[in-house]
file protein_1.cif (mmCIF, N, CA and C atoms)
data_protein
#
loop_
_atom_site.label_atom_id
_atom_site.label_comp_id
_atom_site.auth_asym_id
_atom_site.auth_seq_id
_atom_site.Cartn_x
_atom_site.Cartn_y
_atom_site.Cartn_z
N MET A 172 -51.49 6.25 -37.34
CA MET A 172 -50.20 5.69 -37.66
C MET A 172 -50.20 5.07 -39.07
N MET A 173 -51.29 4.36 -39.42
CA MET A 173 -51.38 3.74 -40.74
C MET A 173 -51.33 4.81 -41.83
N GLU A 174 -52.03 5.92 -41.61
CA GLU A 174 -52.03 7.01 -42.59
C GLU A 174 -50.63 7.55 -42.82
N ASN A 175 -49.92 7.81 -41.75
CA ASN A 175 -48.57 8.39 -41.86
C ASN A 175 -47.59 7.43 -42.53
N LEU A 176 -47.69 6.15 -42.20
CA LEU A 176 -46.81 5.17 -42.83
C LEU A 176 -47.12 5.06 -44.32
N TYR A 177 -48.40 5.01 -44.66
CA TYR A 177 -48.77 4.94 -46.07
C TYR A 177 -48.23 6.15 -46.81
N LYS A 178 -48.43 7.33 -46.25
CA LYS A 178 -47.97 8.56 -46.91
C LYS A 178 -46.46 8.53 -47.11
N ALA A 179 -45.73 8.11 -46.09
CA ALA A 179 -44.27 8.08 -46.17
C ALA A 179 -43.77 7.09 -47.22
N MET A 180 -44.48 6.00 -47.42
CA MET A 180 -44.02 4.94 -48.30
C MET A 180 -44.59 5.03 -49.72
N SER A 181 -45.63 5.80 -49.93
CA SER A 181 -46.30 5.86 -51.23
C SER A 181 -45.40 6.50 -52.29
N ALA A 182 -45.38 5.89 -53.46
CA ALA A 182 -44.62 6.44 -54.60
C ALA A 182 -45.38 7.59 -55.25
N ALA A 183 -46.68 7.68 -54.99
CA ALA A 183 -47.52 8.72 -55.60
C ALA A 183 -47.70 9.90 -54.64
N HIS A 184 -47.83 11.06 -55.21
CA HIS A 184 -48.10 12.25 -54.42
C HIS A 184 -49.39 12.94 -54.86
N ILE A 185 -49.98 12.41 -55.91
CA ILE A 185 -51.27 12.89 -56.40
C ILE A 185 -52.22 11.69 -56.44
N TYR A 186 -53.46 11.95 -56.09
CA TYR A 186 -54.47 10.90 -56.05
C TYR A 186 -55.64 11.31 -56.93
N ALA A 187 -56.01 10.43 -57.84
CA ALA A 187 -57.16 10.66 -58.71
C ALA A 187 -58.33 9.92 -58.09
N LEU A 188 -59.24 10.67 -57.51
CA LEU A 188 -60.39 10.09 -56.81
C LEU A 188 -61.62 10.17 -57.69
N GLY A 189 -62.18 9.01 -57.99
CA GLY A 189 -63.37 8.94 -58.83
C GLY A 189 -64.63 8.79 -58.00
N PHE A 190 -65.70 9.36 -58.52
CA PHE A 190 -67.00 9.25 -57.85
C PHE A 190 -68.12 9.52 -58.84
N ILE A 191 -69.32 9.14 -58.45
CA ILE A 191 -70.51 9.36 -59.28
C ILE A 191 -71.41 10.36 -58.59
N LEU A 192 -71.92 11.29 -59.37
CA LEU A 192 -72.90 12.27 -58.89
C LEU A 192 -73.90 12.49 -60.02
N ASN A 193 -75.16 12.28 -59.72
CA ASN A 193 -76.23 12.46 -60.72
C ASN A 193 -75.95 11.66 -62.00
N ASN A 194 -75.50 10.44 -61.81
CA ASN A 194 -75.22 9.50 -62.90
C ASN A 194 -74.05 9.92 -63.80
N LEU A 195 -73.29 10.91 -63.35
CA LEU A 195 -72.10 11.34 -64.09
C LEU A 195 -70.85 10.87 -63.35
N LEU A 196 -69.82 10.53 -64.10
CA LEU A 196 -68.56 10.07 -63.55
C LEU A 196 -67.59 11.24 -63.47
N TYR A 197 -67.03 11.45 -62.29
CA TYR A 197 -66.10 12.55 -62.04
C TYR A 197 -64.76 12.02 -61.56
N VAL A 198 -63.73 12.84 -61.76
CA VAL A 198 -62.42 12.58 -61.16
C VAL A 198 -61.91 13.89 -60.57
N ALA A 199 -61.42 13.79 -59.34
CA ALA A 199 -60.80 14.94 -58.66
C ALA A 199 -59.36 14.59 -58.38
N LYS A 200 -58.45 15.48 -58.74
CA LYS A 200 -57.04 15.29 -58.42
C LYS A 200 -56.79 15.93 -57.06
N LEU A 201 -56.28 15.11 -56.13
CA LEU A 201 -56.09 15.56 -54.75
C LEU A 201 -54.69 15.22 -54.25
N THR A 202 -54.23 16.00 -53.31
CA THR A 202 -53.02 15.64 -52.58
C THR A 202 -53.40 14.63 -51.51
N PHE A 203 -52.42 14.02 -50.90
CA PHE A 203 -52.71 13.09 -49.81
C PHE A 203 -53.46 13.80 -48.69
N GLU A 204 -53.03 15.00 -48.37
CA GLU A 204 -53.68 15.75 -47.28
C GLU A 204 -55.15 16.03 -47.60
N GLU A 205 -55.45 16.34 -48.84
CA GLU A 205 -56.85 16.56 -49.22
C GLU A 205 -57.64 15.25 -49.19
N LEU A 206 -57.03 14.17 -49.62
CA LEU A 206 -57.68 12.86 -49.63
C LEU A 206 -58.00 12.40 -48.22
N ARG A 207 -57.15 12.75 -47.28
CA ARG A 207 -57.32 12.34 -45.87
C ARG A 207 -58.71 12.67 -45.31
N ALA A 208 -59.32 13.72 -45.80
CA ALA A 208 -60.64 14.13 -45.31
C ALA A 208 -61.70 13.05 -45.54
N TYR A 209 -61.42 12.11 -46.43
CA TYR A 209 -62.41 11.09 -46.80
C TYR A 209 -62.06 9.70 -46.28
N PHE A 210 -61.07 9.61 -45.40
CA PHE A 210 -60.67 8.32 -44.83
C PHE A 210 -61.64 7.88 -43.75
N LYS A 211 -61.93 6.60 -43.75
CA LYS A 211 -62.75 5.98 -42.71
C LYS A 211 -62.01 4.72 -42.25
N LEU A 212 -61.91 4.56 -40.94
CA LEU A 212 -61.30 3.35 -40.40
C LEU A 212 -62.31 2.22 -40.48
N ASP A 213 -61.87 1.10 -40.99
CA ASP A 213 -62.74 -0.05 -41.18
C ASP A 213 -61.92 -1.29 -40.82
N HIS A 214 -62.51 -2.46 -40.95
CA HIS A 214 -61.79 -3.71 -40.69
C HIS A 214 -62.16 -4.74 -41.74
N THR A 215 -61.19 -5.61 -42.04
CA THR A 215 -61.49 -6.73 -42.92
C THR A 215 -62.38 -7.69 -42.13
N SER A 216 -62.99 -8.62 -42.82
CA SER A 216 -63.85 -9.60 -42.14
C SER A 216 -63.00 -10.46 -41.21
N ALA A 217 -63.65 -11.05 -40.23
CA ALA A 217 -62.95 -11.94 -39.30
C ALA A 217 -62.32 -13.09 -40.07
N LYS A 218 -63.00 -13.55 -41.11
CA LYS A 218 -62.49 -14.63 -41.96
C LYS A 218 -61.16 -14.24 -42.62
N ARG A 219 -60.99 -12.95 -42.87
CA ARG A 219 -59.76 -12.46 -43.51
C ARG A 219 -58.78 -11.87 -42.49
N GLY A 220 -59.01 -12.12 -41.23
CA GLY A 220 -58.06 -11.72 -40.20
C GLY A 220 -58.47 -10.54 -39.35
N GLY A 221 -59.53 -9.84 -39.72
CA GLY A 221 -60.01 -8.71 -38.93
C GLY A 221 -59.05 -7.54 -38.85
N TYR A 222 -58.19 -7.39 -39.86
CA TYR A 222 -57.21 -6.31 -39.88
C TYR A 222 -57.87 -4.94 -40.03
N ALA A 223 -57.28 -3.95 -39.40
CA ALA A 223 -57.73 -2.57 -39.60
C ALA A 223 -57.37 -2.15 -41.02
N LYS A 224 -58.23 -1.36 -41.62
CA LYS A 224 -57.95 -0.86 -42.96
C LYS A 224 -58.50 0.55 -43.10
N ILE A 225 -57.91 1.28 -44.02
CA ILE A 225 -58.38 2.63 -44.33
C ILE A 225 -59.15 2.55 -45.64
N ARG A 226 -60.38 3.01 -45.58
CA ARG A 226 -61.24 3.01 -46.76
C ARG A 226 -61.56 4.46 -47.11
N ILE A 227 -61.75 4.74 -48.38
CA ILE A 227 -62.13 6.08 -48.84
C ILE A 227 -63.64 6.08 -49.05
N ARG A 228 -64.33 6.92 -48.30
CA ARG A 228 -65.80 6.98 -48.38
C ARG A 228 -66.24 8.43 -48.52
N LEU A 229 -67.01 8.70 -49.55
CA LEU A 229 -67.56 10.04 -49.76
C LEU A 229 -69.03 10.06 -49.37
N THR A 230 -69.44 11.12 -48.70
CA THR A 230 -70.87 11.31 -48.43
C THR A 230 -71.47 12.04 -49.63
N ALA A 231 -72.77 12.14 -49.65
CA ALA A 231 -73.45 12.89 -50.72
C ALA A 231 -72.97 14.33 -50.72
N GLU A 232 -72.77 14.90 -49.54
CA GLU A 232 -72.28 16.28 -49.44
C GLU A 232 -70.85 16.39 -49.97
N ASP A 233 -70.01 15.40 -49.65
CA ASP A 233 -68.64 15.40 -50.15
C ASP A 233 -68.62 15.40 -51.68
N ARG A 234 -69.45 14.54 -52.28
CA ARG A 234 -69.50 14.45 -53.74
C ARG A 234 -69.95 15.76 -54.36
N ALA A 235 -70.94 16.39 -53.76
CA ALA A 235 -71.44 17.67 -54.28
C ALA A 235 -70.35 18.74 -54.21
N LEU A 236 -69.64 18.81 -53.10
CA LEU A 236 -68.57 19.81 -52.95
C LEU A 236 -67.40 19.53 -53.88
N LEU A 237 -67.01 18.26 -53.98
CA LEU A 237 -65.88 17.89 -54.84
C LEU A 237 -66.18 18.12 -56.32
N SER A 238 -67.44 17.98 -56.71
CA SER A 238 -67.79 18.11 -58.12
C SER A 238 -67.44 19.50 -58.66
N ALA A 239 -67.39 20.50 -57.80
CA ALA A 239 -67.07 21.86 -58.23
C ALA A 239 -65.63 21.97 -58.74
N LYS A 240 -64.73 21.13 -58.21
CA LYS A 240 -63.34 21.19 -58.66
C LYS A 240 -62.89 19.93 -59.40
N ALA A 241 -63.85 19.05 -59.67
CA ALA A 241 -63.54 17.80 -60.37
C ALA A 241 -63.85 17.94 -61.86
N GLU A 242 -63.34 16.97 -62.61
CA GLU A 242 -63.56 16.93 -64.05
C GLU A 242 -64.61 15.86 -64.36
N LYS A 243 -65.62 16.21 -65.15
CA LYS A 243 -66.59 15.22 -65.62
C LYS A 243 -65.92 14.44 -66.74
N ILE A 244 -65.93 13.13 -66.62
CA ILE A 244 -65.25 12.33 -67.64
C ILE A 244 -66.17 11.33 -68.32
N GLY A 245 -67.43 11.30 -67.93
CA GLY A 245 -68.36 10.37 -68.58
C GLY A 245 -69.57 10.10 -67.72
N THR A 246 -70.11 8.91 -67.89
CA THR A 246 -71.29 8.52 -67.15
C THR A 246 -70.99 7.30 -66.28
N ALA A 247 -71.87 7.06 -65.33
CA ALA A 247 -71.72 5.92 -64.43
C ALA A 247 -71.70 4.61 -65.20
N ALA A 248 -72.39 4.55 -66.32
CA ALA A 248 -72.46 3.32 -67.12
C ALA A 248 -71.09 2.87 -67.61
N MET A 249 -70.16 3.79 -67.75
CA MET A 249 -68.81 3.45 -68.21
C MET A 249 -68.11 2.50 -67.25
N LEU A 250 -68.51 2.52 -65.98
CA LEU A 250 -67.88 1.67 -64.98
C LEU A 250 -68.28 0.21 -65.10
N ALA A 251 -69.26 -0.06 -65.95
CA ALA A 251 -69.73 -1.43 -66.15
C ALA A 251 -69.41 -1.93 -67.56
N GLU A 252 -68.64 -1.17 -68.32
CA GLU A 252 -68.35 -1.55 -69.70
C GLU A 252 -67.52 -2.83 -69.80
N ASP A 253 -66.70 -3.08 -68.82
CA ASP A 253 -65.90 -4.31 -68.80
C ASP A 253 -66.36 -5.12 -67.59
N PRO A 254 -67.28 -6.06 -67.80
CA PRO A 254 -67.86 -6.81 -66.68
C PRO A 254 -66.89 -7.74 -65.97
N ASP A 255 -65.71 -7.95 -66.54
CA ASP A 255 -64.71 -8.80 -65.90
C ASP A 255 -63.94 -8.06 -64.80
N HIS A 256 -64.19 -6.75 -64.67
CA HIS A 256 -63.47 -5.94 -63.68
C HIS A 256 -64.45 -5.14 -62.84
N ASN A 257 -64.03 -4.81 -61.61
CA ASN A 257 -64.89 -4.06 -60.70
C ASN A 257 -64.86 -2.56 -61.06
N LYS A 258 -65.63 -1.77 -60.33
CA LYS A 258 -65.71 -0.32 -60.62
C LYS A 258 -64.35 0.36 -60.53
N GLY A 259 -63.58 0.02 -59.52
CA GLY A 259 -62.27 0.64 -59.35
C GLY A 259 -61.33 0.32 -60.50
N GLU A 260 -61.34 -0.93 -60.94
CA GLU A 260 -60.50 -1.32 -62.07
C GLU A 260 -60.98 -0.66 -63.35
N ASN A 261 -62.28 -0.60 -63.54
CA ASN A 261 -62.82 0.07 -64.71
C ASN A 261 -62.49 1.56 -64.69
N PHE A 262 -62.52 2.17 -63.50
CA PHE A 262 -62.16 3.58 -63.38
C PHE A 262 -60.69 3.77 -63.76
N GLU A 263 -59.83 2.89 -63.30
CA GLU A 263 -58.41 2.96 -63.65
C GLU A 263 -58.23 2.81 -65.16
N ARG A 264 -59.00 1.91 -65.77
CA ARG A 264 -58.94 1.73 -67.23
C ARG A 264 -59.35 3.01 -67.95
N ILE A 265 -60.43 3.62 -67.50
CA ILE A 265 -60.94 4.85 -68.13
C ILE A 265 -59.89 5.95 -68.05
N LEU A 266 -59.29 6.16 -66.88
CA LEU A 266 -58.29 7.22 -66.72
C LEU A 266 -57.02 6.93 -67.52
N THR A 267 -56.60 5.68 -67.55
CA THR A 267 -55.40 5.32 -68.32
C THR A 267 -55.62 5.66 -69.79
N GLU A 268 -56.78 5.29 -70.31
CA GLU A 268 -57.07 5.56 -71.71
C GLU A 268 -57.24 7.05 -71.97
N LEU A 269 -57.89 7.75 -71.06
CA LEU A 269 -58.15 9.18 -71.22
C LEU A 269 -56.89 10.03 -71.06
N TRP A 270 -56.16 9.82 -69.99
CA TRP A 270 -55.01 10.66 -69.67
C TRP A 270 -53.72 10.24 -70.35
N MET A 271 -53.59 8.95 -70.65
CA MET A 271 -52.34 8.48 -71.22
C MET A 271 -52.48 8.05 -72.68
N GLY A 272 -53.71 7.89 -73.13
CA GLY A 272 -53.94 7.49 -74.51
C GLY A 272 -53.43 6.10 -74.84
N GLU A 273 -53.41 5.25 -73.85
CA GLU A 273 -52.96 3.88 -74.10
C GLU A 273 -53.90 2.87 -73.50
N ARG A 274 -53.81 1.66 -73.99
CA ARG A 274 -54.67 0.58 -73.53
C ARG A 274 -54.26 0.19 -72.11
N TRP A 275 -55.25 0.02 -71.23
CA TRP A 275 -55.01 -0.36 -69.84
C TRP A 275 -54.81 -1.86 -69.73
N VAL A 276 -53.85 -2.25 -68.91
CA VAL A 276 -53.63 -3.65 -68.58
C VAL A 276 -53.55 -3.74 -67.07
N LYS A 277 -54.37 -4.60 -66.49
CA LYS A 277 -54.37 -4.76 -65.03
C LYS A 277 -53.00 -5.26 -64.57
N ASP A 278 -52.52 -4.63 -63.50
CA ASP A 278 -51.26 -5.07 -62.91
C ASP A 278 -51.41 -5.08 -61.39
N SER A 279 -50.35 -5.47 -60.72
CA SER A 279 -50.38 -5.50 -59.26
C SER A 279 -49.11 -4.88 -58.69
N VAL A 280 -48.72 -3.75 -59.26
CA VAL A 280 -47.54 -3.04 -58.79
C VAL A 280 -47.88 -2.41 -57.44
N PRO A 281 -47.12 -2.68 -56.39
CA PRO A 281 -47.43 -2.13 -55.06
C PRO A 281 -47.32 -0.60 -55.03
N PHE A 282 -48.10 0.02 -54.15
CA PHE A 282 -48.16 1.48 -54.06
C PHE A 282 -46.81 2.10 -53.69
N TRP A 283 -45.91 1.35 -53.07
CA TRP A 283 -44.62 1.89 -52.67
C TRP A 283 -43.60 1.82 -53.81
N ILE A 284 -43.94 1.13 -54.89
CA ILE A 284 -43.06 1.04 -56.06
C ILE A 284 -43.41 2.12 -57.08
N ALA A 285 -44.71 2.28 -57.36
CA ALA A 285 -45.16 3.25 -58.37
C ALA A 285 -46.64 3.54 -58.18
N GLY A 286 -47.07 4.65 -58.74
CA GLY A 286 -48.49 4.96 -58.77
C GLY A 286 -49.15 4.07 -59.82
N ASP A 287 -50.44 4.23 -59.98
CA ASP A 287 -51.16 3.45 -60.99
C ASP A 287 -50.84 3.93 -62.40
N ILE A 288 -50.64 5.24 -62.54
CA ILE A 288 -50.23 5.80 -63.83
C ILE A 288 -49.21 6.90 -63.60
N ARG A 289 -48.49 7.22 -64.66
CA ARG A 289 -47.52 8.31 -64.61
C ARG A 289 -47.90 9.29 -65.71
N VAL A 290 -48.19 10.53 -65.30
CA VAL A 290 -48.58 11.58 -66.25
C VAL A 290 -47.63 12.75 -66.06
N ASN A 291 -46.96 13.14 -67.14
CA ASN A 291 -45.98 14.23 -67.09
C ASN A 291 -44.95 14.03 -65.98
N GLY A 292 -44.49 12.80 -65.82
CA GLY A 292 -43.48 12.48 -64.83
C GLY A 292 -44.00 12.39 -63.40
N GLU A 293 -45.30 12.49 -63.23
CA GLU A 293 -45.90 12.49 -61.89
C GLU A 293 -46.65 11.18 -61.64
N GLU A 294 -46.28 10.50 -60.55
CA GLU A 294 -46.94 9.26 -60.17
C GLU A 294 -48.32 9.59 -59.57
N ILE A 295 -49.36 8.94 -60.10
CA ILE A 295 -50.72 9.18 -59.64
C ILE A 295 -51.34 7.87 -59.20
N GLN A 296 -51.87 7.85 -57.99
CA GLN A 296 -52.58 6.69 -57.47
C GLN A 296 -54.06 6.90 -57.76
N ILE A 297 -54.71 5.90 -58.33
CA ILE A 297 -56.12 6.01 -58.71
C ILE A 297 -56.98 5.25 -57.70
N LYS A 298 -58.00 5.94 -57.20
CA LYS A 298 -58.93 5.33 -56.25
C LYS A 298 -60.35 5.73 -56.62
N PHE A 299 -61.28 4.83 -56.39
CA PHE A 299 -62.69 5.12 -56.62
C PHE A 299 -63.40 5.11 -55.28
N ASP A 300 -64.42 5.93 -55.15
CA ASP A 300 -65.20 6.03 -53.91
C ASP A 300 -65.52 4.63 -53.37
N GLY A 301 -65.18 4.40 -52.12
CA GLY A 301 -65.41 3.11 -51.48
C GLY A 301 -64.18 2.22 -51.46
N ALA A 302 -63.11 2.64 -52.13
CA ALA A 302 -61.91 1.81 -52.25
C ALA A 302 -61.15 1.71 -50.93
N GLU A 303 -60.43 0.62 -50.78
CA GLU A 303 -59.50 0.48 -49.67
C GLU A 303 -58.20 1.16 -50.06
N LEU A 304 -57.71 2.01 -49.19
CA LEU A 304 -56.41 2.65 -49.43
C LEU A 304 -55.30 1.69 -49.06
N THR A 305 -55.36 1.15 -47.86
CA THR A 305 -54.38 0.17 -47.39
C THR A 305 -54.94 -0.52 -46.15
N ASN A 306 -54.19 -1.51 -45.67
CA ASN A 306 -54.59 -2.18 -44.43
C ASN A 306 -53.34 -2.52 -43.63
N GLU A 307 -53.56 -2.86 -42.37
CA GLU A 307 -52.40 -3.08 -41.50
C GLU A 307 -51.60 -4.33 -41.88
N LYS A 308 -52.21 -5.31 -42.52
CA LYS A 308 -51.47 -6.49 -42.96
C LYS A 308 -50.47 -6.11 -44.05
N THR A 309 -50.94 -5.33 -45.03
CA THR A 309 -50.05 -4.89 -46.11
C THR A 309 -48.91 -4.02 -45.56
N LEU A 310 -49.24 -3.11 -44.68
CA LEU A 310 -48.22 -2.23 -44.10
C LEU A 310 -47.23 -3.02 -43.26
N GLY A 311 -47.72 -4.04 -42.57
CA GLY A 311 -46.83 -4.90 -41.77
C GLY A 311 -45.86 -5.64 -42.66
N ARG A 312 -46.32 -6.17 -43.78
CA ARG A 312 -45.43 -6.87 -44.73
C ARG A 312 -44.40 -5.91 -45.30
N LEU A 313 -44.84 -4.68 -45.57
CA LEU A 313 -43.94 -3.66 -46.11
C LEU A 313 -42.82 -3.35 -45.12
N LEU A 314 -43.16 -3.24 -43.85
CA LEU A 314 -42.16 -2.95 -42.82
C LEU A 314 -41.17 -4.10 -42.63
N GLN A 315 -41.61 -5.30 -42.86
CA GLN A 315 -40.76 -6.47 -42.68
C GLN A 315 -39.83 -6.71 -43.87
N SER A 316 -40.14 -6.09 -45.00
CA SER A 316 -39.32 -6.35 -46.21
C SER A 316 -38.09 -5.46 -46.24
#

call {"tool": "encode", "arguments": {"input": "protein_1.cif", "output": "structure tokens"}}
result
Amino acid sequence: MMENLYKAMSAAHIYALGFILNNLLYVAKLTFEELRAYFKLDHTSAKRGGYAKIRIRLTAEDRALLSAKAEKIGTAAMLAEDPDHNKGENFERILTELWMGERWVKDSVPFWIAGDIRVNGEEIQIKFDGAELTNEKTLGRLLQS
């Protein structure tokens, strides 16, 4: 149910999934249906309410298979170039600069308003291996608004 609600409400229809293989940084452009293959049901900590959440997790085999259709964009070290941000934020910065040619600025625009970037009129949501896609608390707030 969480997957279907997220898909119905998401402003993006393309997902840029980042991952590391052999110390190289890759990005694969996927549809929601393709991304679904990498969803894992997880939960937030009890301290944070124990909500169900969908996390994106790639196995070593997944990364090897995806690398055949993904684009190499650099090295794993690039994800640590800005120590004030985590890997996912650094990945978003790298793609913004690479695909849009502009300086990245962290924002908090919700997934139902816009993707992380817009390329050729297409909203793209950026996720890095291990990222949370959404959780039931966020979806519950969305339904109540």

call {"tool": "resolve_selection", "arguments": {"input": "protein_1.cif", "expression": "the PyMOL selection byres ((chain A and resi 303) around 6)", "output": "JSON, numbers by chain"}}
result
{"A": [225, 226, 227, 301, 302, 304, 305]}

call {"tool": "write_last_selection", "arguments": {"input": "protein_1.cif", "atoms": "N, CA and C atoms", "output": "PDB file, in the coordinates of the input"}}
result
ATOM      1  N   ILE A 225     -57.910   1.280 -44.020  1.00  0.00           N
ATOM      2  CA  ILE A 225     -58.380   2.630 -44.330  1.00  0.00           C
ATOM      3  C   ILE A 225     -59.150   2.550 -45.640  1.00  0.00           C
ATOM      4  N   ARG A 226     -60.380   3.010 -45.580  1.00  0.00           N
ATOM      5  CA  ARG A 226     -61.240   3.010 -46.760  1.00  0.00           C
ATOM      6  C   ARG A 226     -61.560   4.460 -47.110  1.00  0.00           C
ATOM      7  N   ILE A 227     -61.750   4.740 -48.380  1.00  0.00           N
ATOM      8  CA  ILE A 227     -62.130   6.080 -48.840  1.00  0.00           C
ATOM      9  C   ILE A 227     -63.640   6.080 -49.050  1.00  0.00           C
ATOM     10  N   GLY A 301     -65.180   4.400 -52.120  1.00  0.00           N
ATOM     11  CA  GLY A 301     -65.410   3.110 -51.480  1.00  0.00           C
ATOM     12  C   GLY A 301     -64.180   2.220 -51.460  1.00  0.00           C
ATOM     13  N   ALA A 302     -63.110   2.640 -52.130  1.00  0.00           N
ATOM     14  CA  ALA A 302     -61.910   1.810 -52.250  1.00  0.00           C
ATOM     15  C   ALA A 302     -61.150   1.710 -50.930  1.00  0.00           C
ATOM     16  N   LEU A 304     -57.710   2.010 -49.190  1.00  0.00           N
ATOM     17  CA  LEU A 304     -56.410   2.650 -49.430  1.00  0.00           C
ATOM     18  C   LEU A 304     -55.300   1.690 -49.060  1.00  0.00           C
ATOM     19  N   THR A 305     -55.360   1.150 -47.860  1.00  0.00           N
ATOM     20  CA  THR A 305     -54.380   0.170 -47.390  1.00  0.00           C
ATOM     21  C   THR A 305     -54.940  -0.520 -46.150  1.00  0.00           C
TER      22      THR A 305
END

call {"tool": "resolve_selection", "arguments": {"input": "protein_1.cif", "expression": "the PyMOL selection byres ((chain A and resi 197) around 5)", "output": "mmCIF file with N, CA and C atoms, in the frame of the given file"}}
result
data_model
loop_
_atom_site.group_PDB
_atom_site.id
_atom_site.type_symbol
_atom_site.label_atom_id
_atom_site.label_comp_id
_atom_site.auth_asym_id
_atom_site.auth_seq_id
_atom_site.Cartn_x
_atom_site.Cartn_y
_atom_site.Cartn_z
ATOM 1 N N GLY A 189 -62.180 9.010 -57.990
ATOM 2 C CA GLY A 189 -63.370 8.940 -58.830
ATOM 3 C C GLY A 189 -64.630 8.790 -58.000
ATOM 4 N N PHE A 190 -65.700 9.360 -58.520
ATOM 5 C CA PHE A 190 -67.000 9.250 -57.850
ATOM 6 C C PHE A 190 -68.120 9.520 -58.840
ATOM 7 N N LEU A 195 -73.290 10.910 -63.350
ATOM 8 C CA LEU A 195 -72.100 11.340 -64.090
ATOM 9 C C LEU A 195 -70.850 10.870 -63.350
ATOM 10 N N LEU A 196 -69.820 10.530 -64.100
ATOM 11 C CA LEU A 196 -68.560 10.070 -63.550
ATOM 12 C C LEU A 196 -67.590 11.240 -63.470
ATOM 13 N N VAL A 198 -63.730 12.840 -61.760
ATOM 14 C CA VAL A 198 -62.420 12.580 -61.160
ATOM 15 C C VAL A 198 -61.910 13.890 -60.570
ATOM 16 N N ALA A 199 -61.420 13.790 -59.340
ATOM 17 C CA ALA A 199 -60.800 14.940 -58.660
ATOM 18 C C ALA A 199 -59.360 14.590 -58.380
ATOM 19 N N GLU A 242 -63.340 16.970 -62.610
ATOM 20 C CA GLU A 242 -63.560 16.930 -64.050
ATOM 21 C C GLU A 242 -64.610 15.860 -64.360
ATOM 22 N N LYS A 243 -65.620 16.210 -65.150
ATOM 23 C CA LYS A 243 -66.590 15.220 -65.620
ATOM 24 C C LYS A 243 -65.920 14.440 -66.740
ATOM 25 N N ILE A 244 -65.930 13.130 -66.620
ATOM 26 C CA ILE A 244 -65.250 12.330 -67.640
ATOM 27 C C ILE A 244 -66.170 11.330 -68.320
#

call {"tool": "closest_residue", "arguments": {"input": "protein_1.cif", "among": "A:Leu237, A:Ala217, A:Val280, A:Leu192", "to": "Gln296 in chain A", "atoms": "only C-alpha atoms"}}
result
A:Val280

call {"tool": "closest_residue", "arguments": {"input": "protein_1.cif", "among": "A:Leu206, A:Ala179, A:His184, A:Ile288", "to": "Leu266 in chain A", "atoms": "only N, CA and C atoms"}}
result
A:Ile288

call {"tool": "closest_residue", "arguments": {"input": "protein_1.cif", "among": "A:Lys240, A:Arg312, A:His256, A:Arg228", "to": "Phe299 in chain A", "atoms": "all atoms listed in the file"}}
result
A:Arg228

call {"tool": "atom_distance", "arguments": {"input": "protein_1.cif", "atom1": "atom C of Met271 in chain A", "atom2": "CA of Asp233 in chain A"}}
result
28.7 Å

call {"tool": "atom_distance", "arguments": {"input": "protein_1.cif", "atom1": "atom C of Arg264 in chain A", "atom2": "atom N of Tyr186 in chain A"}}
result
16.0 Å

call {"tool": "residues_around", "arguments": {"input": "protein_1.cif", "residues": "range 281-285 of chain A", "least_positions_apart": "2", "cutoff": "8 Å", "atoms": "all atoms listed in the file", "output": "short mmCIF file (atom, residue, chain, number, x, y, z; two decimals) with N, CA and C atoms, keeping the file's coordinate frame"}}
result
data_model
loop_
_atom_site.label_atom_id
_atom_site.label_comp_id
_atom_site.auth_asym_id
_atom_site.auth_seq_id
_atom_site.Cartn_x
_atom_site.Cartn_y
_atom_site.Cartn_z
N ALA A 179 -45.73 8.11 -46.09
CA ALA A 179 -44.27 8.08 -46.17
C ALA A 179 -43.77 7.09 -47.22
N MET A 180 -44.48 6.00 -47.42
CA MET A 180 -44.02 4.94 -48.30
C MET A 180 -44.59 5.03 -49.72
N SER A 181 -45.63 5.80 -49.93
CA SER A 181 -46.30 5.86 -51.23
C SER A 181 -45.40 6.50 -52.29
N ALA A 182 -45.38 5.89 -53.46
CA ALA A 182 -44.62 6.44 -54.60
C ALA A 182 -45.38 7.59 -55.25
N ALA A 183 -46.68 7.68 -54.99
CA ALA A 183 -47.52 8.72 -55.60
C ALA A 183 -47.70 9.90 -54.64
N ASP A 278 -52.52 -4.63 -63.50
CA ASP A 278 -51.26 -5.07 -62.91
C ASP A 278 -51.41 -5.08 -61.39
N SER A 279 -50.35 -5.47 -60.72
CA SER A 279 -50.38 -5.50 -59.26
C SER A 279 -49.11 -4.88 -58.69
N ASP A 287 -50.44 4.23 -59.98
CA ASP A 287 -51.16 3.45 -60.99
C ASP A 287 -50.84 3.93 -62.40
N ILE A 288 -50.64 5.24 -62.54
CA ILE A 288 -50.23 5.80 -63.83
C ILE A 288 -49.21 6.90 -63.60
N ARG A 289 -48.49 7.22 -64.66
CA ARG A 289 -47.52 8.31 -64.61
C ARG A 289 -47.90 9.29 -65.71
N GLU A 294 -46.28 10.50 -60.55
CA GLU A 294 -46.94 9.26 -60.17
C GLU A 294 -48.32 9.59 -59.57
N ILE A 295 -49.36 8.94 -60.10
CA ILE A 295 -50.72 9.18 -59.64
C ILE A 295 -51.34 7.87 -59.20
N GLN A 296 -51.87 7.85 -57.99
CA GLN A 296 -52.58 6.69 -57.47
C GLN A 296 -54.06 6.90 -57.76
#

call {"tool": "atom_distance", "arguments": {"input": "protein_1.cif", "atom1": "atom C of Ala223 in chain A", "atom2": "atom C of Asn306 in chain A"}}
result
4.8 Å

call {"tool": "select_by_dssp", "arguments": {"input": "protein_1.cif", "residues": "range 202-284 of chain A", "states": "alpha helix (DSSP H)", "output": "VMD selection string"}}
result
chain A and resid 203 to 206 231 to 238 258 to 266

call {"tool": "residues_around", "arguments": {"input": "protein_1.cif", "residues": "His214 in chain A", "least_positions_apart": "5", "cutoff": "6.5 Å", "atoms": "only N, CA and C atoms", "output": "PyMOL selection string"}}
result
chain A and resi 221-224

call {"tool": "closest_residue", "arguments": {"input": "protein_1.cif", "among": "A:Glu232, A:Glu273, A:Glu293, A:Asp300", "to": "Lys258 in chain A", "atoms": "all atoms listed in the file"}}
result
A:Asp300

call {"tool": "select_by_dssp", "arguments": {"input": "protein_1.cif", "residues": "chain A", "states": "strand (DSSP E or B)", "output": "PyMOL selection string"}}
result
chain A and resi 185-192+195-201+210-214+223-227+242-246+288-290+293-299+303-306
